[in-house]
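So this block is structure_37.txt, compact mmCIF, C-alpha atoms:
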# COMPACT_ATOMS: atom_id res chain seq x y z
CA MET A 1 118.51 136.06 114.78
CA ALA A 2 117.03 136.13 118.25
CA LYS A 3 118.00 134.70 121.60
CA CYS A 4 116.26 131.66 123.09
CA PRO A 5 114.83 132.58 126.52
CA GLU A 6 115.47 129.02 127.70
CA CYS A 7 119.05 128.22 126.62
CA GLU A 8 120.17 131.63 125.34
CA GLY A 9 121.15 130.05 122.03
CA SER A 10 120.59 131.83 118.73
CA VAL A 11 117.23 131.23 117.08
CA ALA A 12 116.72 131.76 113.38
CA LEU A 13 113.38 133.27 112.41
CA MET A 14 111.36 132.45 109.31
CA GLU A 15 111.15 134.94 106.48
CA ASN A 16 108.47 137.60 107.13
CA PRO A 17 107.86 136.63 110.73
CA ARG A 18 104.54 137.49 112.35
CA VAL A 19 103.48 137.91 115.97
CA SER A 20 102.18 134.68 117.59
CA GLU A 21 104.29 132.54 115.28
CA ILE A 22 105.94 129.50 116.85
CA VAL A 23 109.61 128.70 116.25
CA GLU A 24 111.74 125.90 117.60
CA CYS A 25 115.11 126.52 119.17
CA ALA A 26 117.65 124.32 117.40
CA GLY A 27 119.77 124.23 120.54
CA CYS A 28 117.31 123.07 123.22
CA SER A 29 114.21 122.14 121.14
CA SER A 30 112.02 124.54 123.11
CA GLU A 31 108.93 125.78 121.33
CA LEU A 32 109.04 129.56 121.34
CA GLU A 33 106.44 132.16 120.56
CA LEU A 34 107.30 135.36 118.82
CA ILE A 35 105.56 138.09 120.82
CA SER A 36 107.19 141.06 119.12
CA VAL A 37 108.73 141.43 115.68
CA ASP A 38 110.45 144.78 116.14
CA PRO A 39 112.31 144.35 118.39
CA VAL A 40 112.30 140.57 118.15
CA GLU A 41 111.12 139.04 121.39
CA LEU A 42 110.63 135.36 122.11
CA VAL A 43 108.98 133.63 125.06
CA LEU A 44 108.32 129.97 125.80
CA ALA A 45 105.26 128.92 123.80
CA PRO A 46 102.16 127.77 125.70
CA GLU A 47 101.70 124.05 126.18
CA ILE A 48 99.22 122.34 123.87
CA GLU A 49 95.85 122.10 125.58
CA GLU A 50 93.35 119.25 125.53
CA ASP A 51 90.82 121.01 123.32
CA TRP A 52 93.24 122.27 120.67
CA GLY A 53 92.77 121.22 117.10
CA GLU A 54 90.66 121.66 114.03
CA MET B 1 86.49 142.43 121.50
CA THR B 2 89.25 144.93 122.11
CA SER B 3 91.73 145.84 119.46
CA SER B 4 94.69 148.17 119.36
CA THR B 5 94.34 149.46 115.79
CA ARG B 6 91.64 151.15 113.73
CA PRO B 7 88.88 148.63 113.08
CA GLY B 8 88.56 147.40 109.49
CA PRO B 9 85.93 145.12 108.08
CA PHE B 10 88.06 141.97 108.50
CA VAL B 11 89.50 140.51 111.66
CA MET B 12 91.39 137.29 112.14
CA LEU B 13 91.10 135.96 115.66
CA ALA B 14 93.78 133.46 116.67
CA SER B 15 96.33 132.72 119.33
CA ARG B 16 98.81 130.79 117.22
CA MET B 17 100.21 132.02 113.94
CA ARG B 18 100.56 128.77 112.04
CA ALA B 19 101.47 128.53 108.36
CA ASP B 20 97.73 128.55 107.59
CA GLU B 21 97.14 131.83 109.38
CA LYS B 22 100.13 133.39 107.62
CA ARG B 23 98.77 132.22 104.28
CA LEU B 24 95.42 133.78 105.12
CA LEU B 25 96.91 137.14 106.07
CA ASP B 26 99.05 137.06 102.90
CA ALA B 27 95.91 136.33 100.87
CA PHE B 28 94.15 139.36 102.37
CA GLU B 29 97.16 141.51 101.50
CA ARG B 30 97.31 140.20 97.93
CA ARG B 31 93.67 141.18 97.51
CA GLY B 32 94.36 144.62 98.92
CA ALA B 33 92.13 144.06 101.95
CA HIS B 34 93.19 144.97 105.44
CA CYS B 35 92.76 142.22 108.01
CA GLU B 36 93.45 143.03 111.61
CA TYR B 37 95.05 140.24 113.64
CA VAL B 38 93.56 139.96 117.14
CA ASP B 39 95.19 137.67 119.69
CA SER B 40 92.30 135.86 121.34
CA ARG B 41 94.28 135.52 124.56
CA ALA B 42 94.08 139.28 125.04
CA SER B 43 90.43 139.58 124.00
CA TRP B 44 87.45 140.40 126.13
CA SER B 45 83.95 141.52 125.40
CA LEU B 46 81.71 143.97 127.24
CA LEU B 47 78.09 142.95 126.91
CA HIS B 48 76.71 146.45 127.43
CA ALA B 49 79.07 148.22 125.04
CA GLN B 50 77.76 150.21 122.08
CA ARG B 51 77.77 148.12 118.94
CA PRO B 52 80.85 148.77 116.79
CA PRO B 53 80.60 148.84 112.97
CA ARG B 54 79.79 145.38 111.69
CA ARG B 55 82.90 143.33 111.07
CA ILE B 56 83.67 139.95 109.58
CA VAL B 57 85.71 137.82 111.95
CA LEU B 58 87.59 134.80 110.74
CA ASN B 59 87.78 132.60 113.81
CA ARG B 60 91.06 130.70 113.73
CA GLU B 61 91.40 130.18 117.47
CA ILE B 62 92.98 126.77 118.02
CA GLY B 63 91.34 125.99 121.40
CA HIS B 64 87.74 124.85 121.14
CA ALA B 65 86.44 126.46 124.34
CA ARG B 66 88.03 129.79 123.47
CA ALA B 67 86.88 129.58 119.85
CA LEU B 68 83.30 128.86 120.86
CA TYR B 69 82.99 131.59 123.48
CA ALA B 70 84.79 134.08 121.24
CA ALA B 71 82.27 133.37 118.47
CA ARG B 72 79.36 133.76 120.88
CA ALA B 73 80.69 137.01 122.33
CA LEU B 74 81.50 138.48 118.93
CA GLU B 75 78.10 137.56 117.53
CA ALA B 76 76.48 139.15 120.58
CA ALA B 77 78.37 142.32 119.68
CA GLY B 78 76.99 142.20 116.14
CA ALA B 79 79.95 140.70 114.27
CA ILE B 80 79.66 138.10 111.54
CA VAL B 81 81.84 135.23 112.69
CA VAL B 82 83.10 132.60 110.28
CA ASN B 83 82.53 129.88 111.23
CA SER B 84 79.52 130.84 113.31
CA ALA B 85 79.18 130.01 116.98
CA ALA B 86 76.48 127.47 116.09
CA ALA B 87 78.75 125.70 113.59
CA THR B 88 81.68 125.80 116.00
CA GLU B 89 79.54 124.28 118.74
CA VAL B 90 78.29 121.41 116.59
CA CYS B 91 81.60 120.65 114.88
CA GLY B 92 83.56 120.89 118.11
CA ASP B 93 81.51 118.21 119.81
CA LYS B 94 81.62 114.80 118.17
CA TRP B 95 78.25 113.75 119.54
CA GLN B 96 76.52 116.88 118.29
CA THR B 97 78.12 116.35 114.88
CA SER B 98 76.91 112.75 114.78
CA VAL B 99 73.38 113.82 115.75
CA ALA B 100 73.32 116.50 113.04
CA LEU B 101 74.59 114.12 110.36
CA ARG B 102 72.13 111.40 111.36
CA ARG B 103 69.20 113.86 111.43
CA ALA B 104 70.11 115.00 107.93
CA GLY B 105 70.11 111.39 106.77
CA LEU B 106 73.80 111.42 105.88
CA PRO B 107 75.72 108.16 106.25
CA THR B 108 77.85 108.10 109.39
CA PRO B 109 79.23 105.26 111.55
CA ARG B 110 76.97 103.70 114.19
CA THR B 111 77.59 105.69 117.34
CA ALA B 112 76.53 105.67 120.98
CA LEU B 113 76.83 108.14 123.82
CA ALA B 114 77.11 106.63 127.29
CA LEU B 115 76.73 108.71 130.43
CA THR B 116 79.17 106.64 132.44
CA PRO B 117 82.11 104.40 131.52
CA GLU B 118 80.11 101.42 132.89
CA ALA B 119 77.21 102.22 130.57
CA ALA B 120 79.70 102.50 127.72
CA LEU B 121 80.49 98.80 128.12
CA ASP B 122 76.81 98.00 127.56
CA ALA B 123 76.67 100.36 124.60
CA LEU B 124 79.69 98.63 123.12
CA GLU B 125 77.87 95.28 123.25
CA GLU B 126 75.27 96.88 120.98
CA ILE B 127 77.83 98.59 118.71
CA GLY B 128 80.00 95.47 118.54
CA TYR B 129 83.76 95.04 118.46
CA PRO B 130 86.08 96.28 117.14
CA ALA B 131 85.01 99.78 118.12
CA VAL B 132 86.56 103.14 118.80
CA VAL B 133 86.28 105.45 121.80
CA LYS B 134 86.89 109.15 121.21
CA PRO B 135 86.97 112.23 123.42
CA LEU B 136 83.88 114.36 122.75
CA VAL B 137 86.09 117.39 122.22
CA GLY B 138 89.52 117.19 120.71
CA SER B 139 91.34 116.76 117.47
CA TRP B 140 94.38 115.37 115.69
CA GLY B 141 93.31 111.84 116.66
CA ARG B 142 94.40 112.54 120.21
CA LEU B 143 93.23 109.88 122.73
CA VAL B 144 91.17 108.15 120.05
CA THR B 145 91.46 104.54 121.15
CA LEU B 146 90.84 101.31 119.31
CA LEU B 147 88.85 98.74 121.27
CA PRO B 148 89.36 95.35 119.64
CA ASP B 149 87.49 93.44 122.34
CA ARG B 150 85.63 93.73 125.63
CA ARG B 151 88.71 93.05 127.71
CA THR B 152 90.48 96.08 126.25
CA ALA B 153 87.31 98.14 126.61
CA GLU B 154 87.07 97.30 130.32
CA THR B 155 90.63 98.48 130.88
CA VAL B 156 90.14 101.70 128.89
CA MET B 157 86.88 102.45 130.73
CA GLU B 158 88.69 102.02 134.02
CA TYR B 159 91.14 104.68 132.95
CA ILE B 160 88.32 106.95 131.74
CA ALA B 161 86.52 106.55 135.10
CA ALA B 162 89.68 107.73 136.84
CA LEU B 163 89.86 110.99 134.87
CA PRO B 164 89.09 114.01 137.10
CA ALA B 165 86.75 116.03 134.85
CA PRO B 166 83.06 114.94 134.92
CA GLN B 167 82.79 115.68 131.18
CA SER B 168 85.45 113.02 130.55
CA HIS B 169 83.08 110.38 131.92
CA ILE B 170 80.60 110.98 129.10
CA VAL B 171 81.77 108.37 126.62
CA TYR B 172 81.45 108.51 122.84
CA VAL B 173 81.87 105.14 121.15
CA GLN B 174 81.63 104.26 117.51
CA GLU B 175 81.86 101.22 115.30
CA LEU B 176 85.22 100.80 113.60
CA ILE B 177 84.67 100.92 109.86
CA ALA B 178 86.85 98.42 108.02
CA LYS B 179 88.52 100.65 105.45
CA PRO B 180 91.55 100.85 103.18
CA ASP B 181 94.69 102.39 104.68
CA ARG B 182 93.36 105.83 103.96
CA ASP B 183 90.62 108.31 104.61
CA ILE B 184 89.47 111.32 102.67
CA ARG B 185 89.69 115.02 103.50
CA MET B 186 87.55 117.39 101.50
CA VAL B 187 87.64 121.13 102.04
CA VAL B 188 84.39 122.98 101.51
CA VAL B 189 84.23 126.79 101.37
CA GLY B 190 80.99 128.64 100.82
CA GLY B 191 79.20 125.48 99.76
CA GLU B 192 81.82 124.57 97.17
CA VAL B 193 84.32 121.72 97.32
CA LEU B 194 87.87 122.98 96.80
CA GLY B 195 89.33 119.53 96.35
CA ALA B 196 89.88 116.15 97.90
CA THR B 197 92.88 114.35 99.29
CA TYR B 198 93.58 110.84 100.46
CA ARG B 199 95.36 110.72 103.80
CA ARG B 200 97.46 107.64 104.30
CA GLY B 201 99.36 106.65 107.38
CA SER B 202 101.20 103.76 108.88
CA GLN B 203 98.86 103.94 111.90
CA TRP B 204 95.14 103.19 111.89
CA ARG B 205 94.53 106.86 112.71
CA THR B 206 95.16 108.72 109.46
CA ASN B 207 95.46 112.27 110.80
CA VAL B 208 98.00 114.57 109.15
CA ALA B 209 98.96 115.59 112.71
CA ARG B 210 100.02 111.94 113.18
CA GLY B 211 102.26 111.97 110.14
CA ALA B 212 99.77 110.83 107.49
CA THR B 213 100.72 111.69 103.93
CA THR B 214 98.30 113.43 101.60
CA GLU B 215 97.60 112.90 97.94
CA ALA B 216 95.11 114.79 95.78
CA PHE B 217 92.49 112.88 93.82
CA THR B 218 89.34 113.63 91.91
CA PRO B 219 86.35 112.85 94.11
CA SER B 220 83.26 111.14 92.76
CA PRO B 221 80.12 113.25 92.34
CA GLY B 222 78.67 111.33 95.30
CA MET B 223 81.61 112.28 97.54
CA THR B 224 81.36 115.90 96.45
CA GLU B 225 77.66 116.00 97.21
CA LEU B 226 78.19 114.31 100.56
CA ALA B 227 80.89 116.80 101.60
CA VAL B 228 78.76 119.80 100.62
CA MET B 229 75.76 118.35 102.45
CA ALA B 230 77.83 117.65 105.57
CA ALA B 231 79.14 121.22 105.70
CA LYS B 232 75.63 122.55 105.15
CA THR B 233 74.21 120.30 107.85
CA VAL B 234 76.47 121.80 110.49
CA ALA B 235 76.09 125.30 108.98
CA ALA B 236 79.83 125.65 108.39
CA ASP B 237 80.99 128.21 105.81
CA ILE B 238 84.45 126.67 105.95
CA ALA B 239 84.68 122.97 106.64
CA GLY B 240 87.16 120.13 106.56
CA VAL B 241 84.98 117.12 105.92
CA ASP B 242 86.45 113.70 106.67
CA LEU B 243 85.01 110.76 104.79
CA ILE B 244 85.89 107.10 104.93
CA GLU B 245 85.20 104.36 102.44
CA SER B 246 84.15 101.07 103.90
CA ASP B 247 85.38 97.80 102.41
CA ASP B 248 81.95 97.30 100.84
CA GLY B 249 82.23 100.62 98.98
CA GLU B 250 79.98 102.80 101.12
CA VAL B 251 81.29 106.30 101.81
CA VAL B 252 80.44 107.70 105.25
CA VAL B 253 81.03 111.04 106.95
CA LEU B 254 83.31 110.66 109.92
CA GLU B 255 83.55 114.26 111.08
CA VAL B 256 83.33 117.89 110.05
CA ASN B 257 86.06 120.26 111.23
CA HIS B 258 85.31 123.94 111.68
CA GLY B 259 88.87 125.22 112.15
CA VAL B 260 90.32 123.61 109.07
CA GLU B 261 94.07 123.10 109.04
CA PHE B 262 94.92 123.07 105.37
CA SER B 263 98.71 122.97 105.06
CA GLY B 264 98.76 119.26 104.16
CA PHE B 265 95.79 119.69 101.87
CA GLN B 266 97.38 122.68 100.13
CA ARG B 267 100.65 120.79 99.65
CA ALA B 268 98.80 117.93 98.00
CA MET B 269 96.63 120.19 95.83
CA GLY B 270 99.60 122.26 94.61
CA ASP B 271 98.57 124.92 92.09
CA ARG B 272 95.10 123.50 91.59
CA VAL B 273 93.63 125.66 94.31
CA ASP B 274 94.73 128.37 96.72
CA VAL B 275 92.77 127.52 99.87
CA ALA B 276 93.63 130.73 101.73
CA ASP B 277 92.65 132.85 98.77
CA ARG B 278 89.33 131.03 98.39
CA ILE B 279 88.58 131.56 102.07
CA VAL B 280 89.36 135.27 101.76
CA GLU B 281 87.27 135.48 98.59
CA HIS B 282 84.37 133.92 100.48
CA LEU B 283 84.75 136.42 103.35
CA MET B 284 84.79 139.30 100.89
CA THR B 285 81.57 138.01 99.37
CA ARG B 286 80.03 137.81 102.84
CA SER B 287 81.16 141.35 103.58
CA GLU B 288 79.51 142.67 100.41
CA SER B 289 76.16 141.39 101.57
CA CYS B 290 76.36 142.53 105.18
CA CYS B 291 78.86 145.34 105.75
CA GLU B 292 78.58 147.71 102.78

Encoding of this model in structure tokens:
Amino acid sequence: MAKCPECEGSVALMENPRVSEIVECAGCSSELELISVDPVELVLAPEIEEDWGE
Amino acid sequence: MTSSTRPGPFVMLASRMRADEKRLLDAFERRGAHCEYVDSRASWSLLHAQRPPRRIVLNREIGHARALYAARALEAAGAIVVNSAAATEVCGDKWQTSVALRRAGLPTPRTALALTPEAALDALEEIGYPAVVKPLVGSWGRLVTLLPDRRTAETVMEYIAALPAPQSHIVYVQELIAKPDRDIRMVVVGGEVLGATYRRGSQWRTNVARGATTEAFTPSPGMTELAVMAAKTVAADIAGVDLIESDDGEVVVLEVNHGVEFSGFQRAMGDRVDVADRIVEHLMTRSESCCE
């Protein structure tokens, strides 16, 4: 479990988390980016940009 | 590009670790190959640096501008980038894709490029209504707008004219192909089709990102050939080729995607194919010919 930087709620990580993975905070729906696995560190994920996609 | 660990032959460049990227890294690990993850947001390239050992870079950067310049910079430093900068440039720009498909004689919807929103209204008279206006760069069906008639087109062009970026005023318009409630996604890796899925949605835009559902099917030999040709035309090692069937049975190439998102495709294909593993297998084959 990690702490949401926005609402300070607990955030559950996926199994085998990897850096740059995006998780959603169940409490405040913020999109969070995992920037460190050990120790676990979350920051607000960047906003989707106009040229993102396939 | 800088990296914090010992360089290996394989690098995955990305800024977002989606399920696809995790599958790819897992596939490298299953094959016993080390793949270094490089966050493109922290990457930079020194033009006058000594050339490092040749590496194979899988470019999974989600932003088109960053993906394109990363590919160019890495190629300048001697890396093999998959997909190449040339393929990324063509696939990332809808007009360039249309030109390439047309030049190769592949069926694709009638398309026009207008240099101003006003000129787009004239182009639309030639294309006919209903038509579609699409951003030149972008994905997931974002801002793709249906133009049922001239009145709607005039309103949409007014909005386009008000956009601040000059590039936004270059307008790509295309005939709307009357089609069933589905389109087709085919994934091509190394010149081979991995499978085909129908994408169905409640909206007229049948992008998986817009909630379309996917279902595997066996493509016709003609569809298979078309998908392989489309990927080859844009020089993409890895391609997500979108086809649509018109009501009169013709199959046309709508677009070719260079940064294929394959979660929906993989779900639909189940055990029939492991997309990530096939991509890694292709990269290993490339490495045998260039990095040994």

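Separating atom CA of A:Leu34 from atom CA of A:Ile48 is a distance of 16.1 Å.
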
What does the distance from atom CA of B:Thr88 to atom CA of B:Gly259 come to in Å, to one decimal? 8.2 Å

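The space between atom CA of B:Gln50 and atom CA of B:Ala79 spans 12.5 Å.
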
Specify as a ChimeraX atom specification all residues of chain B found within 10 Å of chain A, counting all atoms listed in the file. /B:14-19,21-22,25,37,39,60-67,91-92,135-143,209,239-240,256-262

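Every protein, DNA or RNA residue with an atom at most 8 Å from A:Cys7, where all atoms listed in the file count and chain neighbours fewer than 2 positions away do not, is listed here: A:Cys4, A:Pro5, A:Gly9, A:Gly27, A:Cys28.
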
Put those residues in a file: C-alpha atoms, as a PDB file, keeping the file's coordinate frame.
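Full text of selection-v7.pdb as output:
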ATOM      1  CA  CYS A   4     116.260 131.660 123.090  1.00  0.00           C
ATOM      2  CA  PRO A   5     114.830 132.580 126.520  1.00  0.00           C
ATOM      3  CA  GLY A   9     121.150 130.050 122.030  1.00  0.00           C
ATOM      4  CA  GLY A  27     119.770 124.230 120.540  1.00  0.00           C
ATOM      5  CA  CYS A  28     117.310 123.070 123.220  1.00  0.00           C
TER       6      CYS A  28
END

In file coordinates, which residues lie within 12 Å of (89.9, 94.5, 121.6) using only C-alpha atoms, given as number ranges by chain? B: 124, 128-133, 145-156, 176

For B:Arg185, find every residue with an atom within 9 Å (counting all atoms listed in the file), except residues of its own chain fewer than 3 positions away, and show them as number ranges by chain. B: 195-199, 214, 240-244, 265

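Residues surrounding A:Glu6 within 9 Å are Cys25, Cys28, Ser30, Val43 and Leu44 of chain A [only C-alpha atoms; sequence separation below 5 positions excluded].
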
When you look at B:His34 with a cut-off of 9 Å (counting only C-alpha atoms), what residues show up, excluding the ones that are within fewer than 5 positions of it in the same chain? I need them as a PyMOL selection string. chain B and resi 8-11+25+28-29

Counting only C-alpha atoms, note down every residue that has an atom within 8 Å of the point (78.0, 144.4, 113.9) (file coordinates), as a ChimeraX atom specification. /B:51-55,75,77-80

Got time to write the residues from that selection, C-alpha atoms, as a tab-separated table (two decimals), in the frame of the given file?
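Output contents, as saved in again37.tsv:
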chain	number	residue	atom	x	y	z
B	51	ARG	CA	77.77	148.12	118.94
B	52	PRO	CA	80.85	148.77	116.79
B	53	PRO	CA	80.60	148.84	112.97
B	54	ARG	CA	79.79	145.38	111.69
B	55	ARG	CA	82.90	143.33	111.07
B	75	GLU	CA	78.10	137.56	117.53
B	77	ALA	CA	78.37	142.32	119.68
B	78	GLY	CA	76.99	142.20	116.14
B	79	ALA	CA	79.95	140.70	114.27
B	80	ILE	CA	79.66	138.10	111.54

Which residues, written as a PDB file with C-alpha atoms, keeping the file's coordinate frame, have at least one atom at most 10 Å from B:Leu68, with all atoms listed in the file counted and residues fewer than 5 positions away on the same chain left out?
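part-v4.pdb written:
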ATOM      1  CA  ASN B  59      87.780 132.600 113.810  1.00  0.00           C
ATOM      2  CA  GLU B  61      91.400 130.180 117.470  1.00  0.00           C
ATOM      3  CA  GLY B  63      91.340 125.990 121.400  1.00  0.00           C
ATOM      4  CA  ALA B  73      80.690 137.010 122.330  1.00  0.00           C
ATOM      5  CA  LEU B  74      81.500 138.480 118.930  1.00  0.00           C
ATOM      6  CA  ASN B  83      82.530 129.880 111.230  1.00  0.00           C
ATOM      7  CA  SER B  84      79.520 130.840 113.310  1.00  0.00           C
ATOM      8  CA  ALA B  85      79.180 130.010 116.980  1.00  0.00           C
ATOM      9  CA  ALA B  86      76.480 127.470 116.090  1.00  0.00           C
ATOM     10  CA  ALA B  87      78.750 125.700 113.590  1.00  0.00           C
ATOM     11  CA  THR B  88      81.680 125.800 116.000  1.00  0.00           C
ATOM     12  CA  GLU B  89      79.540 124.280 118.740  1.00  0.00           C
ATOM     13  CA  VAL B  90      78.290 121.410 116.590  1.00  0.00           C
ATOM     14  CA  GLY B  92      83.560 120.890 118.110  1.00  0.00           C
TER      15      GLY B  92
END

Considering only C-alpha atoms, state which residue in the set B:Val228, B:Ala161, B:Leu58, B:Leu46 is at the smallest distance from B:Leu24. B:Leu58

Put a box with edges along x, y and z around all the listed atoms of stretch 102-109 of chain B, pad it by 5 Å on each side, then give me its centre and sizes in Å, one decimal, as lines of an AutoDock Vina configuration file.
center_x = 74.2
center_y = 110.1
center_z = 108.7
size_x = 20.0
size_y = 19.7
size_z = 15.7

Considering all atoms listed in the file, can you say which of B:Ile279, B:Ala268, B:Met12, B:Met223 comes closest to B:Val81? B:Met12
